[in-house]
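Worksheet: the structure to be examined is printed underneath.
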Number of protein chains: 2
Amino acid sequence: MNKVVIIGSGNVARSLAHALPYCGCAVEQIFSRNLLSAESLALEIGSDFTDDFEKISTDADFYIYAVSDDALRVVAEQVKAKSGIHLHTSGSVEMNVFEGKKENFGVLYPFQTFSKQKLADFKNIPIFIEANSQKNLDIIFDFAKNISNNVLKINSLQRKEIHLAGVFACNFSNFFYSIADDILRKNGLPFEIILPLIEESVQKLHFISPKEAQTGPAVRGDKKIIGEHLKMLADNKDLCEIYRLISGYICQKQLVKS
Amino acid sequence: MNKVVIIGSGNVARSLAHALPYCGCAVEQIFSRNLLSAESLALEIGSDFTDDFEKISTDADFYIYAVSDDALRVVAEQVKAKSGIHLHTSGSVEMNVFEGKKENFGVLYPFQTFSKQKLADFKNIPIFIEANSQKNLDIIFDFAKNISNNVLKINSLQRKEIHLAGVFACNFSNFFYSIADDILRKNGLPFEIILPLIEESVQKLHFISPKEAQTGPAVRGDKKIIGEHLKMLADNKDLCEIYRLISGYICQKQLVKS
């Protein structure tokens, strides 16, 4: 049974800590620079905890770093354990953040958005892995396969591109849900009325590609409606520009397609 | 039992034609200017059909126009039946497209995206209604309540705003799924790997508002990652500008919030 130390106590750490015991792993210890957070998460899953870098267990098989990108470099430096494989979970930090600090290291990037409100079901979350040697890659692959049904070996360049794709598909789409929310509220309507539309738009993508699924005034080249919408947005210059740019781009992509 | 004539044979018409018989309505006739489409849909549901404006039934309770925005004005003119209530299903065409042509009219706008591949389940789709008189509004309300559990009376201005919200939340979000698809393909990865992320991003919105759900480099003000992403997009000027504008806007909204 693999022994795991989790470095971090945020949303990713918490979801991992809860999932690993169901994946044939023992979570030995939770480390966090915030003692209360470490203790709280450790109590939830019945593991040890510490806020002291010196007291981090030195006999684990895997050290999983689920900390912010900014903290990663410093934390990787301060974790003294040289044994085991050290894995970070970031979409954008290079694997070599561990170079010269640890002997065996890699990346275990779960491609998902994690929330306080909800534990993630890792079985259906794609996990992208990298390692500093073929041997470590094989070990990480076997480990990750216990966590997810969808483990892919990639390189750092691919990971950066995957992360960028996620920013568009998740962060930027959510921004538009937020704009829709603003518009609805201003008109006395609750956000809930748009959820069936959003959900169906996503549901479609199990059957057809996003390009085939594209609907709306821009893809129809409906200048009348686009003009009306720009007028409705006229008091918000940035939003007007975003609408104009995206409509133009959809229109242009459509021309390339047909 | 309400007798309904459906004008149109596209995705909205087809979903409605299949749903109405389960809502205590009889679909009497399908009209389409394309005889084959009219016949095909009529056969699916066992109704009459025609492509001849002169042969449109004159004794229906409701005439539901599910045709393109562009066609609506001409079609409304050519349907001779004066009896019954005439309803269009568009998000952006004014109700008064029927003015002077019909005595009783209104709007029945189902807020959903409709596909060839799939019939819609109207029970959970919000339906927005308008009418040219209080009496007609009451009749349409009773009719629509049989179709959906979520019927709301609105005015034309609100409908235009709802439609605009839909463009952001559905059409523009889908555009970003399509950008993500492009990025993944270029890196030899299938679109399916991003679906769990997209679905979870939407799932969250049942518990928290889109503003609370916002994650990513822009909301964190992570200039390093934003800079890297802009470099990665450098060969696509439009996309670069879209990324820059949206990140700036998310950043700015966040400042307003905090």
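We name chains A, B, ... following the order of the structure tokens; residues begin at 1 in each chain, and ligands are numbered from 1 as shown.
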
*Run DSSP on the backbone of this structure and report the residues of stretch 69-164 of chain A it assigns to alpha helix (DSSP H), as a ChimeraX atom specification.*
/A:69-78,134-147,156-164

The selected residues should be written to file as a short mmCIF file (atom, residue, chain, number, x, y, z; two decimals), in the first residue's frame (atoms: N, CA and C atoms).
```
data_model
loop_
_atom_site.label_atom_id
_atom_site.label_comp_id
_atom_site.auth_asym_id
_atom_site.auth_seq_id
_atom_site.Cartn_x
_atom_site.Cartn_y
_atom_site.Cartn_z
N ASP A 69 0.53 28.00 -7.06
CA ASP A 69 1.70 28.08 -7.94
C ASP A 69 2.82 28.91 -7.30
N ASP A 70 2.41 30.02 -6.71
CA ASP A 70 3.40 30.94 -6.12
C ASP A 70 4.18 30.29 -4.98
N ALA A 71 3.49 29.48 -4.17
CA ALA A 71 4.11 28.88 -2.99
C ALA A 71 4.99 27.68 -3.35
N LEU A 72 4.75 27.09 -4.51
CA LEU A 72 5.34 25.79 -4.84
C LEU A 72 6.86 25.77 -4.73
N ARG A 73 7.51 26.78 -5.30
CA ARG A 73 8.98 26.79 -5.33
C ARG A 73 9.56 26.78 -3.91
N VAL A 74 9.04 27.65 -3.07
CA VAL A 74 9.52 27.76 -1.69
C VAL A 74 9.23 26.49 -0.91
N VAL A 75 8.02 25.99 -1.05
CA VAL A 75 7.62 24.80 -0.30
C VAL A 75 8.47 23.59 -0.72
N ALA A 76 8.68 23.43 -2.03
CA ALA A 76 9.48 22.31 -2.54
C ALA A 76 10.89 22.35 -1.95
N GLU A 77 11.38 23.55 -1.75
CA GLU A 77 12.71 23.76 -1.17
C GLU A 77 12.74 23.30 0.28
N GLN A 78 11.67 23.62 1.01
CA GLN A 78 11.68 23.44 2.46
C GLN A 78 11.29 22.03 2.93
N GLN A 134 11.96 7.57 -16.97
CA GLN A 134 10.98 6.60 -17.46
C GLN A 134 10.51 5.70 -16.32
N LYS A 135 11.44 5.33 -15.44
CA LYS A 135 11.09 4.46 -14.32
C LYS A 135 10.05 5.15 -13.43
N ASN A 136 10.31 6.42 -13.11
CA ASN A 136 9.35 7.15 -12.27
C ASN A 136 8.00 7.32 -12.97
N LEU A 137 8.07 7.53 -14.30
CA LEU A 137 6.82 7.69 -15.05
C LEU A 137 5.97 6.42 -14.93
N ASP A 138 6.61 5.28 -15.01
CA ASP A 138 5.88 4.02 -14.88
C ASP A 138 5.27 3.88 -13.48
N ILE A 139 6.05 4.25 -12.48
CA ILE A 139 5.54 4.14 -11.09
C ILE A 139 4.36 5.10 -10.88
N ILE A 140 4.52 6.33 -11.38
CA ILE A 140 3.44 7.33 -11.23
C ILE A 140 2.20 6.86 -11.99
N PHE A 141 2.42 6.28 -13.17
CA PHE A 141 1.28 5.80 -13.97
C PHE A 141 0.48 4.75 -13.18
N ASP A 142 1.18 3.79 -12.60
CA ASP A 142 0.50 2.74 -11.82
C ASP A 142 -0.23 3.34 -10.62
N PHE A 143 0.39 4.32 -10.00
CA PHE A 143 -0.22 5.00 -8.86
C PHE A 143 -1.48 5.76 -9.30
N ALA A 144 -1.34 6.54 -10.38
CA ALA A 144 -2.45 7.40 -10.84
C ALA A 144 -3.62 6.57 -11.36
N LYS A 145 -3.32 5.40 -11.92
CA LYS A 145 -4.40 4.54 -12.44
C LYS A 145 -5.34 4.08 -11.33
N ASN A 146 -4.84 4.05 -10.11
CA ASN A 146 -5.72 3.71 -8.99
C ASN A 146 -6.68 4.85 -8.66
N ILE A 147 -6.27 6.05 -9.04
CA ILE A 147 -7.07 7.23 -8.69
C ILE A 147 -8.09 7.56 -9.79
N SER A 156 5.61 18.81 -20.50
CA SER A 156 5.29 20.10 -19.86
C SER A 156 4.65 21.09 -20.82
N LEU A 157 5.09 21.02 -22.10
CA LEU A 157 4.55 21.93 -23.10
C LEU A 157 3.05 21.63 -23.31
N GLN A 158 2.74 20.34 -23.41
CA GLN A 158 1.33 19.95 -23.57
C GLN A 158 0.52 20.39 -22.36
N ARG A 159 1.12 20.24 -21.17
CA ARG A 159 0.39 20.61 -19.95
C ARG A 159 0.04 22.10 -19.96
N LYS A 160 0.97 22.92 -20.41
CA LYS A 160 0.69 24.36 -20.48
C LYS A 160 -0.45 24.65 -21.45
N GLU A 161 -0.47 23.90 -22.56
CA GLU A 161 -1.54 24.11 -23.55
C GLU A 161 -2.88 23.63 -22.99
N ILE A 162 -2.86 22.51 -22.28
CA ILE A 162 -4.08 21.98 -21.67
C ILE A 162 -4.61 23.00 -20.65
N HIS A 163 -3.71 23.59 -19.91
CA HIS A 163 -4.10 24.59 -18.92
C HIS A 163 -4.73 25.80 -19.61
N LEU A 164 -4.14 26.21 -20.71
CA LEU A 164 -4.70 27.34 -21.47
C LEU A 164 -6.09 27.00 -22.00
#
```

*asked:* Quick one: residues within 7 Å of stretch 213-223 of chain A, only C-alpha atoms, excluding same-chain residues fewer than 3 positions away - as a PyMOL selection string?
replied: (chain A and resi 208-210+226-227+247+250-251+254) or (chain B and resi 167+171+174-175)

*Show me which bits of chain B are within 6 Å of chain A, counting only C-alpha atoms, as a VMD selection string.*
chain B and resid 112 165 168 to 171 173 176 to 178 180 197 to 198 210 to 211 215 to 216

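The residues of stretch 36-165 of chain A that DSSP assigns to strand (DSSP E) on this backbone come out as A:Asp48, A:Phe49, A:Thr50, A:Phe62, A:Tyr63, A:Ile64, A:Tyr65, A:Ile85, A:His86, A:Leu87, A:His88, A:Phe105, A:Gly106, A:Val107, A:Leu108, A:Tyr109, A:Pro110, A:Ile127, A:Phe128, A:Ile129, A:Glu130, A:Ala131, A:Val151, A:Leu152, A:Lys153.
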
How would the residues just picked look written out with N, CA and C atoms as an mmCIF file, in the first residue's frame?
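out.cif written:
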```
data_model
loop_
_atom_site.group_PDB
_atom_site.id
_atom_site.type_symbol
_atom_site.label_atom_id
_atom_site.label_comp_id
_atom_site.auth_asym_id
_atom_site.auth_seq_id
_atom_site.Cartn_x
_atom_site.Cartn_y
_atom_site.Cartn_z
ATOM 1 N N ASP A 48 -2.208 11.844 10.399
ATOM 2 C CA ASP A 48 -1.371 12.791 11.143
ATOM 3 C C ASP A 48 -1.381 14.150 10.444
ATOM 4 N N PHE A 49 -0.847 15.136 11.144
ATOM 5 C CA PHE A 49 -0.744 16.462 10.507
ATOM 6 C C PHE A 49 0.405 17.222 11.160
ATOM 7 N N THR A 50 0.903 18.214 10.430
ATOM 8 C CA THR A 50 1.935 19.090 10.992
ATOM 9 C C THR A 50 1.967 20.410 10.222
ATOM 10 N N PHE A 62 4.919 8.752 -1.833
ATOM 11 C CA PHE A 62 4.597 9.914 -2.661
ATOM 12 C C PHE A 62 4.367 11.144 -1.784
ATOM 13 N N TYR A 63 4.903 12.249 -2.237
ATOM 14 C CA TYR A 63 4.641 13.557 -1.623
ATOM 15 C C TYR A 63 3.877 14.353 -2.673
ATOM 16 N N ILE A 64 2.626 14.655 -2.373
ATOM 17 C CA ILE A 64 1.817 15.373 -3.366
ATOM 18 C C ILE A 64 1.648 16.818 -2.912
ATOM 19 N N TYR A 65 2.142 17.730 -3.740
ATOM 20 C CA TYR A 65 2.105 19.160 -3.420
ATOM 21 C C TYR A 65 0.859 19.774 -4.051
ATOM 22 N N ILE A 85 8.572 9.804 -4.307
ATOM 23 C CA ILE A 85 8.437 10.609 -5.532
ATOM 24 C C ILE A 85 7.640 11.869 -5.185
ATOM 25 N N HIS A 86 8.165 13.011 -5.593
ATOM 26 C CA HIS A 86 7.541 14.300 -5.278
ATOM 27 C C HIS A 86 6.764 14.793 -6.491
ATOM 28 N N LEU A 87 5.475 15.005 -6.296
ATOM 29 C CA LEU A 87 4.585 15.352 -7.406
ATOM 30 C C LEU A 87 3.869 16.661 -7.127
ATOM 31 N N HIS A 88 3.932 17.584 -8.074
ATOM 32 C CA HIS A 88 3.047 18.740 -7.898
ATOM 33 C C HIS A 88 1.811 18.575 -8.772
ATOM 34 N N PHE A 105 10.934 12.871 -9.072
ATOM 35 C CA PHE A 105 9.824 13.841 -9.063
ATOM 36 C C PHE A 105 9.031 13.809 -10.370
ATOM 37 N N GLY A 106 7.934 14.520 -10.335
ATOM 38 C CA GLY A 106 7.075 14.558 -11.517
ATOM 39 C C GLY A 106 5.860 15.443 -11.273
ATOM 40 N N VAL A 107 4.853 15.258 -12.130
ATOM 41 C CA VAL A 107 3.628 16.051 -12.047
ATOM 42 C C VAL A 107 2.434 15.111 -12.080
ATOM 43 N N LEU A 108 1.441 15.455 -11.297
ATOM 44 C CA LEU A 108 0.169 14.726 -11.296
ATOM 45 C C LEU A 108 -0.895 15.816 -11.370
ATOM 46 N N TYR A 109 -1.323 16.120 -12.595
ATOM 47 C CA TYR A 109 -2.209 17.271 -12.809
ATOM 48 C C TYR A 109 -3.640 16.797 -13.064
ATOM 49 N N PRO A 110 -4.514 16.932 -12.056
ATOM 50 C CA PRO A 110 -5.909 16.541 -12.272
ATOM 51 C C PRO A 110 -6.629 17.692 -12.964
ATOM 52 N N ILE A 127 -6.229 12.661 -15.475
ATOM 53 C CA ILE A 127 -5.018 13.029 -14.740
ATOM 54 C C ILE A 127 -3.835 12.971 -15.709
ATOM 55 N N PHE A 128 -3.122 14.085 -15.827
ATOM 56 C CA PHE A 128 -1.966 14.155 -16.715
ATOM 57 C C PHE A 128 -0.706 13.998 -15.880
ATOM 58 N N ILE A 129 0.158 13.091 -16.319
ATOM 59 C CA ILE A 129 1.361 12.847 -15.532
ATOM 60 C C ILE A 129 2.640 13.093 -16.329
ATOM 61 N N GLU A 130 3.671 13.480 -15.595
ATOM 62 C CA GLU A 130 5.027 13.657 -16.123
ATOM 63 C C GLU A 130 5.985 13.129 -15.063
ATOM 64 N N ALA A 131 7.222 12.799 -15.468
ATOM 65 C CA ALA A 131 8.216 12.350 -14.492
ATOM 66 C C ALA A 131 9.610 12.680 -14.998
ATOM 67 N N VAL A 151 -5.782 8.281 -17.227
ATOM 68 C CA VAL A 151 -4.448 8.810 -16.942
ATOM 69 C C VAL A 151 -3.679 8.946 -18.254
ATOM 70 N N LEU A 152 -3.140 10.116 -18.519
ATOM 71 C CA LEU A 152 -2.405 10.348 -19.764
ATOM 72 C C LEU A 152 -1.005 10.864 -19.481
ATOM 73 N N LYS A 153 -0.028 10.260 -20.177
ATOM 74 C CA LYS A 153 1.348 10.731 -20.073
ATOM 75 C C LYS A 153 1.533 11.881 -21.062
#
```
